[in-house]
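Text of the file input33.cif, holding mmCIF, C-alpha atoms, pLDDT in the B column; chains and numbers go by the auth columns:
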data_entry
#
loop_
_atom_site.group_PDB
_atom_site.id
_atom_site.type_symbol
_atom_site.label_atom_id
_atom_site.label_comp_id
_atom_site.label_asym_id
_atom_site.label_seq_id
_atom_site.Cartn_x
_atom_site.Cartn_y
_atom_site.Cartn_z
_atom_site.B_iso_or_equiv
_atom_site.auth_seq_id
_atom_site.auth_asym_id
ATOM 1 C CA TYR A 1 33.130 -3.709 16.649 55.00 19 A
ATOM 2 C CA LYS A 2 30.621 -0.905 16.459 57.00 20 A
ATOM 3 C CA GLY A 3 30.963 0.698 13.078 62.00 21 A
ATOM 4 C CA GLU A 4 34.131 0.580 11.051 68.00 22 A
ATOM 5 C CA HIS A 5 36.507 2.258 13.481 66.00 23 A
ATOM 6 C CA LYS A 6 35.121 1.981 16.978 69.00 24 A
ATOM 7 C CA ARG A 7 36.009 -1.022 19.134 72.00 25 A
ATOM 8 C CA CYS A 8 34.270 -1.723 22.394 75.00 26 A
ATOM 9 C CA PHE A 9 33.148 -4.657 24.491 77.00 27 A
ATOM 10 C CA ALA A 10 29.373 -4.642 24.333 81.00 28 A
ATOM 11 C CA TYR A 11 26.327 -6.854 24.375 88.00 29 A
ATOM 12 C CA GLU A 12 22.617 -6.325 23.863 90.00 30 A
ATOM 13 C CA ALA A 13 19.642 -7.863 25.581 92.00 31 A
ATOM 14 C CA HIS A 14 16.831 -8.263 23.067 91.00 32 A
ATOM 15 C CA THR A 15 13.632 -8.610 25.057 93.00 33 A
ATOM 16 C CA ALA A 16 9.944 -9.316 24.616 93.00 34 A
ATOM 17 C CA CYS A 17 7.785 -7.613 27.234 92.00 35 A
ATOM 18 C CA ASP A 18 4.090 -7.593 28.071 91.00 36 A
ATOM 19 C CA LYS A 19 1.980 -4.425 28.173 88.00 37 A
ATOM 20 C CA ASN A 20 3.087 -3.808 31.768 92.00 38 A
ATOM 21 C CA GLY A 21 6.778 -3.941 30.903 90.00 39 A
ATOM 22 C CA TYR A 22 7.471 -7.356 32.410 94.00 40 A
ATOM 23 C CA VAL A 23 10.111 -9.286 30.466 95.00 41 A
ATOM 24 C CA LEU A 24 8.633 -12.462 28.979 95.00 42 A
ATOM 25 C CA GLU A 25 11.624 -13.630 26.906 95.00 43 A
ATOM 26 C CA ALA A 26 15.159 -12.428 26.258 94.00 44 A
ATOM 27 C CA VAL A 27 18.116 -13.217 24.029 94.00 45 A
ATOM 28 C CA VAL A 28 21.573 -11.759 24.686 95.00 46 A
ATOM 29 C CA THR A 29 23.856 -11.134 21.699 93.00 47 A
ATOM 30 C CA PRO A 30 27.135 -9.370 21.002 89.00 48 A
ATOM 31 C CA GLY A 31 26.634 -5.619 20.639 85.00 49 A
ATOM 32 C CA ASN A 32 27.136 -5.662 16.890 84.00 50 A
ATOM 33 C CA VAL A 33 24.137 -7.956 16.201 87.00 51 A
ATOM 34 C CA HIS A 34 21.271 -5.928 14.757 87.00 52 A
ATOM 35 C CA GLU A 35 17.813 -6.121 16.356 88.00 53 A
ATOM 36 C CA SER A 36 16.267 -7.528 13.200 89.00 54 A
ATOM 37 C CA VAL A 37 18.736 -10.442 13.277 91.00 55 A
ATOM 38 C CA ALA A 38 17.928 -11.304 16.910 92.00 56 A
ATOM 39 C CA PHE A 39 14.172 -11.005 16.298 93.00 57 A
ATOM 40 C CA ASP A 40 13.711 -14.609 15.126 93.00 58 A
ATOM 41 C CA ASP A 41 15.127 -16.070 18.339 94.00 59 A
ATOM 42 C CA VAL A 42 13.151 -13.771 20.633 94.00 60 A
ATOM 43 C CA TYR A 43 9.928 -14.169 18.645 94.00 61 A
ATOM 44 C CA GLY A 44 10.291 -17.950 18.443 94.00 62 A
ATOM 45 C CA LYS A 45 10.764 -18.257 22.190 95.00 63 A
ATOM 46 C CA LEU A 46 7.895 -15.847 22.842 95.00 64 A
ATOM 47 C CA ILE A 47 5.256 -17.638 20.769 94.00 65 A
ATOM 48 C CA GLN A 48 6.356 -21.017 22.085 95.00 66 A
ATOM 49 C CA SER A 49 5.932 -19.873 25.690 95.00 67 A
ATOM 50 C CA PHE A 50 2.948 -17.574 25.089 95.00 68 A
ATOM 51 C CA PRO A 51 0.946 -18.793 22.070 94.00 69 A
ATOM 52 C CA GLU A 52 -1.950 -16.514 23.044 94.00 70 A
ATOM 53 C CA VAL A 53 0.009 -13.401 21.955 93.00 71 A
ATOM 54 C CA GLU A 54 -2.005 -11.621 19.250 93.00 72 A
ATOM 55 C CA THR A 55 -0.063 -8.400 18.674 91.00 73 A
ATOM 56 C CA VAL A 56 3.680 -7.871 18.389 91.00 74 A
ATOM 57 C CA VAL A 57 4.943 -4.317 18.858 89.00 75 A
ATOM 58 C CA ALA A 58 8.402 -3.679 17.447 87.00 76 A
ATOM 59 C CA ASP A 59 10.387 -0.577 16.593 84.00 77 A
ATOM 60 C CA ALA A 60 11.288 0.502 13.080 83.00 78 A
ATOM 61 C CA ALA A 61 14.441 -1.649 13.039 83.00 79 A
ATOM 62 C CA CYS A 62 12.221 -4.730 12.904 83.00 80 A
ATOM 63 C CA LYS A 63 10.064 -3.475 10.048 84.00 81 A
ATOM 64 C CA THR A 64 11.601 -5.764 7.427 88.00 82 A
ATOM 65 C CA PRO A 65 9.830 -7.922 4.833 91.00 83 A
ATOM 66 C CA HIS A 66 11.078 -11.104 6.527 92.00 84 A
ATOM 67 C CA ILE A 67 9.769 -10.128 9.962 91.00 85 A
ATOM 68 C CA CYS A 68 6.454 -8.773 8.670 91.00 86 A
ATOM 69 C CA LYS A 69 5.829 -11.954 6.675 92.00 87 A
ATOM 70 C CA LYS A 70 6.711 -14.191 9.616 92.00 88 A
ATOM 71 C CA VAL A 71 4.400 -12.390 12.059 93.00 89 A
ATOM 72 C CA PHE A 72 1.501 -12.104 9.593 94.00 90 A
ATOM 73 C CA GLN A 73 1.768 -15.756 8.524 94.00 91 A
ATOM 74 C CA ASN A 74 1.483 -16.728 12.186 92.00 92 A
ATOM 75 C CA GLY A 75 -1.861 -14.901 12.317 93.00 93 A
ATOM 76 C CA ARG A 76 -0.566 -12.080 14.482 94.00 94 A
ATOM 77 C CA VAL A 77 -0.551 -8.309 14.036 92.00 95 A
ATOM 78 C CA LEU A 78 2.704 -6.359 13.816 89.00 96 A
ATOM 79 C CA SER A 79 2.522 -2.833 15.176 88.00 97 A
ATOM 80 C CA LYS A 80 5.027 -0.106 15.868 78.00 98 A
ATOM 81 C CA PRO A 81 4.902 2.034 19.001 73.00 99 A
ATOM 82 C CA THR A 82 3.761 5.616 18.834 68.00 100 A
ATOM 83 C CA SER A 83 6.070 8.339 20.002 64.00 101 A
ATOM 84 C CA VAL A 84 5.264 10.107 23.226 59.00 102 A
ATOM 85 C CA PRO A 85 5.547 13.934 23.174 57.00 103 A
#

What does this structure look like when you write it as structure tokens?
Amino acid sequence: YKGEHKRCFAYEAHTACDKNGYVLEAVVTPGNVHESVAFDDVYGKLIQSFPEVETVVADAACKTPHICKKVFQNGRVLSKPTSVP
């Protein structure tokens, strides 16, 4: 379900990429799973595989107290991308 009335078969690929756009980790969920919910799985896999990561860039959907606390407590910086004109 997407919203209260719309039904569709959908999925989302939540990915972690490097600065060149190469996918480092991915988690696939049903389409109705919000990005902030999938963040823990993607982030956990990312820091396990690439502990040298210092900065995590995420869009506004991931700017929640839980996510900010988790990233900061791990000694990393959480940043949001800038918009391109």

Applying the PyMOL selection byres ((chain A and resi 75) around 8) to the file I just gave you, which residues come out? Please list them as a ChimeraX atom specification.
/A:73-74,76-77,96-99

Fewer than 5 positions away in the same chain doesn't count, so skip those; otherwise give me all residues within 8 Å of range 24-36 of chain A, counting only C-alpha atoms, as a list of chain:residue names.
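Once the adjacent positions are removed, what remains is A:Tyr19, A:Val41, A:Leu42, A:Glu43, A:Ala44, A:Val45, A:Val46, A:Thr47, A:Pro48, A:Gly49, A:Asn50, A:Val51, A:Glu53, A:Ala56, A:Phe57, A:Val60, A:Tyr61, A:Leu64.
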
Please define a box with edges along x, y and z of the file around all atoms of range 84-90 of chain A given in the file, extend it by 5 Å on each side, and return its centre and edge lengths in Å to one decimal, as AutoDock Vina command-line options.
--center_x 6.3 --center_y -11.5 --center_z 9.3 --size_x 19.6 --size_y 15.4 --size_z 15.5

Residue contacts of Asp58 in chain A (10 Å, only C-alpha atoms) excluding same-chain residues fewer than 4 positions away, as a PyMOL selection string
chain A and resi 53-54+62-64+84-85+88

Surrounding residues of Gly93 in chain A excluding itself and chain neighbours under 4 positions, 12 Å, all atoms listed in the file, as a ChimeraX atom specification:
/A:65,69-74,86-89

Can you work out the spacing between CA of Gln66 in chain A and CA of Val95 in chain A in Å, to one decimal?
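Rounded to one decimal, the two atoms are 16.6 Å apart.
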